[in-house]
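First the structure, in the form of structure tokens, and then the observations on it.
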Amino acid sequence: MMRALLSLINGLIVLLLLVVLLPKTPVYAAENTASPAEVKVNAWLGSGSEPEEKLWAPTEQILLQIEVSTNRWFTSGTQIKGIEIANVLVKQRNAFAVNYTEQENGQTWSHQRWEIALYPQASGEYVIPAATVLTQVADESGQKRSVTLMTPSMPFRVALPSAELADSKPWFAASKVQLVQDWSLKEGDVLTVGDSLVRTIKIEANDTLSVLIPHLMPMDVSPMWRAYPNSPELVDKQNRDGYVSTRQDSQTYVLQQGGEVHWPEYQLWWWNTQTGQLEQIQLEGKTLKVRHTLSSWLHYYAWHIVVFLLLATGTWLIVMGLKRYYHNHPTPLWLSFYRSLLKGEWGRCRQLLYQRLRDRKQVLALSQLSQEAELQAAALRVQTDGAKPQDFRSLWQAIRQSTSKWSKWWRLPKALPALANVEVRKSDDSA
């Protein structure tokens, strides 16, 4: 009886010890078996999970990937400092990291991947300096632990991708480009001098910055219009297609003159980083007809009007001077001949022909002018009533052509000039 009671008491004591010690045993084992906190950093150039070794183009987007991993977990955000490169634009376009976990040697590692975009501005050799990475992780006891890591320095090379880009043409590098042009002119609108219209050019490009997209509308000068440029609209954003940048330029044109008004065309060159080819986009110009106002018409044709008035005034003065001169002087022989020819005064035409023949050739018979059969026939016809105006003209031209234009300078003057008129009149009477 007594032995059974002692056995019962011993069993209760063992049970009580098990109840007291059992809750603490698992915690003690967990604390002693927890792995120490480890933090690693890795960095490379490229858009994927593997580094890319290639020759980059100026203004091409280069992604610097910085990945921080730990076998515990992150307790705060990560900061990256110290990435400054001369002649390279550095921009962290995404404010959030890509977070994921993976198993390594039976442990679960937490990863943070950060992207930093680099945009070199010129050809050359570059080196990305070692960057400082500041983060916090949980240690073995669950407390926050600050960690400072350094990325390795990385060199890269930039060169012109095409010899066609050696000149000063505006261009940039992107993976995709879209160009849209819009005019504030509606269908059927009629423009008049003094009206205005707006030309807008919008360029949308992937994997670049809006400040790198070239300005296509310089401050053009034209007497047909005045241009007033508006401030450019620059937008950089991210969507499911990646990084997208937009530049929108616009100019307001106030029409100054009427007629056909022309706006120039523009060309955009860009290096396609997807295909590795140089591409060009042509943006067509525009030609419109603008109606004049009275003042614009006078202003537009002012030079023509002045020239016309000067010519008209000069012609009038010459005509009046000749009229006054010949009012007191003999009428030129050629003018008298063609006047008589128009009036059909054949006798007077014959007289002037003989007078010209005597003066130029010193002969009195038309048959002595030339031996050509055609001129001989014309000389016979002008002596009859069946003469035609063309016969008189042919003989007049023949007399003029047969005499050198320099003969009047070396020919001896006539001793009795009045005798020529008498002889011509006698010949005309005998004819």
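By order in the structure tokens, chains are A, B, ...; within a chain, residues start at 1; ligands start at 1, following the order shown.
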message: Excluding Glu52 (chain A) and its own-chain neighbours fewer than 5 positions away, which residues fall within 12 Å of it when counting only C-alpha atoms? Please give them as a list in words.
response: Ala43, Trp44, Leu45, Gly46, Ser47, Ile62, Leu63, Leu64, Gln65, Met154, Pro155, Phe156 and Arg157 of chain A
Expected file: the selected residues, N, CA, C and O atoms, as a tab-separated table (two decimals), in the first residue's frame:
chain	number	residue	atom	x	y	z
A	43	ALA	N	25.84	43.78	-59.11
A	43	ALA	CA	25.52	44.85	-60.07
A	43	ALA	C	26.02	44.44	-61.44
A	43	ALA	O	27.06	43.79	-61.58
A	44	TRP	N	25.27	44.87	-62.48
A	44	TRP	CA	25.65	44.60	-63.86
A	44	TRP	C	24.92	45.58	-64.79
A	44	TRP	O	23.98	46.26	-64.38
A	45	LEU	N	25.36	45.64	-66.05
A	45	LEU	CA	24.75	46.50	-67.06
A	45	LEU	C	23.92	45.64	-68.00
A	45	LEU	O	24.38	44.61	-68.50
A	46	GLY	N	22.69	46.08	-68.26
A	46	GLY	CA	21.81	45.34	-69.16
A	46	GLY	C	20.38	45.40	-68.65
A	46	GLY	O	20.12	45.67	-67.48
A	47	SER	N	19.46	45.11	-69.55
A	47	SER	CA	18.04	45.15	-69.19
A	47	SER	C	17.52	43.85	-68.62
A	47	SER	O	16.45	43.82	-68.04
A	62	ILE	N	21.13	53.00	-70.94
A	62	ILE	CA	21.89	51.88	-70.38
A	62	ILE	C	21.35	51.65	-68.97
A	62	ILE	O	21.39	52.56	-68.13
A	63	LEU	N	20.86	50.46	-68.72
A	63	LEU	CA	20.28	50.15	-67.40
A	63	LEU	C	21.35	49.53	-66.51
A	63	LEU	O	21.94	48.51	-66.86
A	64	LEU	N	21.57	50.17	-65.38
A	64	LEU	CA	22.45	49.63	-64.34
A	64	LEU	C	21.57	48.88	-63.33
A	64	LEU	O	20.72	49.49	-62.66
A	65	GLN	N	21.75	47.57	-63.25
A	65	GLN	CA	20.97	46.74	-62.33
A	65	GLN	C	21.78	46.54	-61.04
A	65	GLN	O	22.93	46.11	-61.08
A	154	MET	N	32.39	49.56	-62.87
A	154	MET	CA	32.18	48.88	-64.15
A	154	MET	C	32.48	49.84	-65.30
A	154	MET	O	31.93	50.94	-65.35
A	155	PRO	N	33.31	49.43	-66.24
A	155	PRO	CA	33.58	50.28	-67.41
A	155	PRO	C	32.58	49.96	-68.54
A	155	PRO	O	32.04	48.87	-68.62
A	156	PHE	N	32.37	50.95	-69.41
A	156	PHE	CA	31.59	50.73	-70.63
A	156	PHE	C	32.06	51.72	-71.68
A	156	PHE	O	32.65	52.76	-71.36
A	157	ARG	N	31.78	51.42	-72.93
A	157	ARG	CA	32.28	52.21	-74.06
A	157	ARG	C	31.12	52.70	-74.91
A	157	ARG	O	30.16	51.95	-75.15
field: From A:Lys169, A:Lys237, A:Arg324, A:Lys91, residue lying nearest Glu115 (chain A) [only C-alpha atoms]
entry: A:Lys91
- request: Would you please extract all alpha helix (DSSP H) residues from region 135-347 of chain A, as assigned by DSSP on the backbone, and give them as a VMD selection string?
  value: chain A and resid 294 to 300 302 to 328 333 to 343 346 to 347
field: Minimum-distance residue to Gln355 (chain A), chosen among A:Ser210, A:Gln181, A:Ser49, A:Ser336 (using only C-alpha atoms)
entry: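 Going through A:Ser210, A:Gln181, A:Ser49, A:Ser336 one by one, the smallest distance to Gln355 (chain A) is for A:Ser336.
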What's the 10 Å shell around Leu366 (chain A), counting only C-alpha atoms, without same-chain residues fewer than 6 positions away, as a PDB file with N, CA and C atoms, in the first residue's frame?
ATOM      1  N   ARG A 350       7.256 104.064-152.491  1.00  0.00           N
ATOM      2  CA  ARG A 350       8.276 103.957-153.535  1.00  0.00           C
ATOM      3  C   ARG A 350       9.305 105.083-153.408  1.00  0.00           C
ATOM      4  N   LEU A 353      11.617 104.307-150.629  1.00  0.00           N
ATOM      5  CA  LEU A 353      12.522 103.214-150.995  1.00  0.00           C
ATOM      6  C   LEU A 353      13.670 103.728-151.844  1.00  0.00           C
ATOM      7  N   TYR A 354      13.360 104.530-152.878  1.00  0.00           N
ATOM      8  CA  TYR A 354      14.412 105.085-153.735  1.00  0.00           C
ATOM      9  C   TYR A 354      15.331 106.017-152.953  1.00  0.00           C
ATOM     10  N   LEU A 357      17.561 103.819-150.977  1.00  0.00           N
ATOM     11  CA  LEU A 357      18.493 103.134-151.863  1.00  0.00           C
ATOM     12  C   LEU A 357      19.599 104.087-152.312  1.00  0.00           C
ATOM     13  N   ARG A 358      19.222 105.299-152.630  1.00  0.00           N
ATOM     14  CA  ARG A 358      20.225 106.289-153.040  1.00  0.00           C
ATOM     15  C   ARG A 358      21.151 106.639-151.886  1.00  0.00           C
ATOM     16  N   LEU A 375      14.058  89.038-154.899  1.00  0.00           N
ATOM     17  CA  LEU A 375      14.100  90.487-154.766  1.00  0.00           C
ATOM     18  C   LEU A 375      13.888  91.170-156.122  1.00  0.00           C
ATOM     19  N   GLN A 376      14.363  90.574-157.207  1.00  0.00           N
ATOM     20  CA  GLN A 376      14.126  91.136-158.548  1.00  0.00           C
ATOM     21  C   GLN A 376      12.631  91.141-158.855  1.00  0.00           C
ATOM     22  N   ALA A 378      10.222  91.227-156.597  1.00  0.00           N
ATOM     23  CA  ALA A 378       9.592  92.223-155.739  1.00  0.00           C
ATOM     24  C   ALA A 378       9.826  93.619-156.285  1.00  0.00           C
ATOM     25  N   ALA A 379      11.019  93.874-156.849  1.00  0.00           N
ATOM     26  CA  ALA A 379      11.312  95.192-157.419  1.00  0.00           C
ATOM     27  C   ALA A 379      10.413  95.495-158.606  1.00  0.00           C
ATOM     28  N   LEU A 380      10.053  94.486-159.403  1.00  0.00           N
ATOM     29  CA  LEU A 380       9.129  94.698-160.519  1.00  0.00           C
ATOM     30  C   LEU A 380       7.708  94.933-160.043  1.00  0.00           C
ATOM     31  N   VAL A 382       6.640  96.262-157.176  1.00  0.00           N
ATOM     32  CA  VAL A 382       6.388  97.543-156.518  1.00  0.00           C
ATOM     33  C   VAL A 382       6.207  98.672-157.534  1.00  0.00           C
ATOM     34  N   GLN A 383       6.553  98.435-158.809  1.00  0.00           N
ATOM     35  CA  GLN A 383       6.372  99.455-159.842  1.00  0.00           C
ATOM     36  C   GLN A 383       4.953  99.442-160.398  1.00  0.00           C
ATOM     37  N   LEU A 395      12.112  94.622-149.678  1.00  0.00           N
ATOM     38  CA  LEU A 395      13.104  95.508-150.280  1.00  0.00           C
ATOM     39  C   LEU A 395      13.712  96.437-149.234  1.00  0.00           C
ATOM     40  N   ILE A 399      17.692  96.488-148.259  1.00  0.00           N
ATOM     41  CA  ILE A 399      18.554  97.679-148.289  1.00  0.00           C
ATOM     42  C   ILE A 399      19.260  97.856-146.957  1.00  0.00           C
TER      43      ILE A 399
END
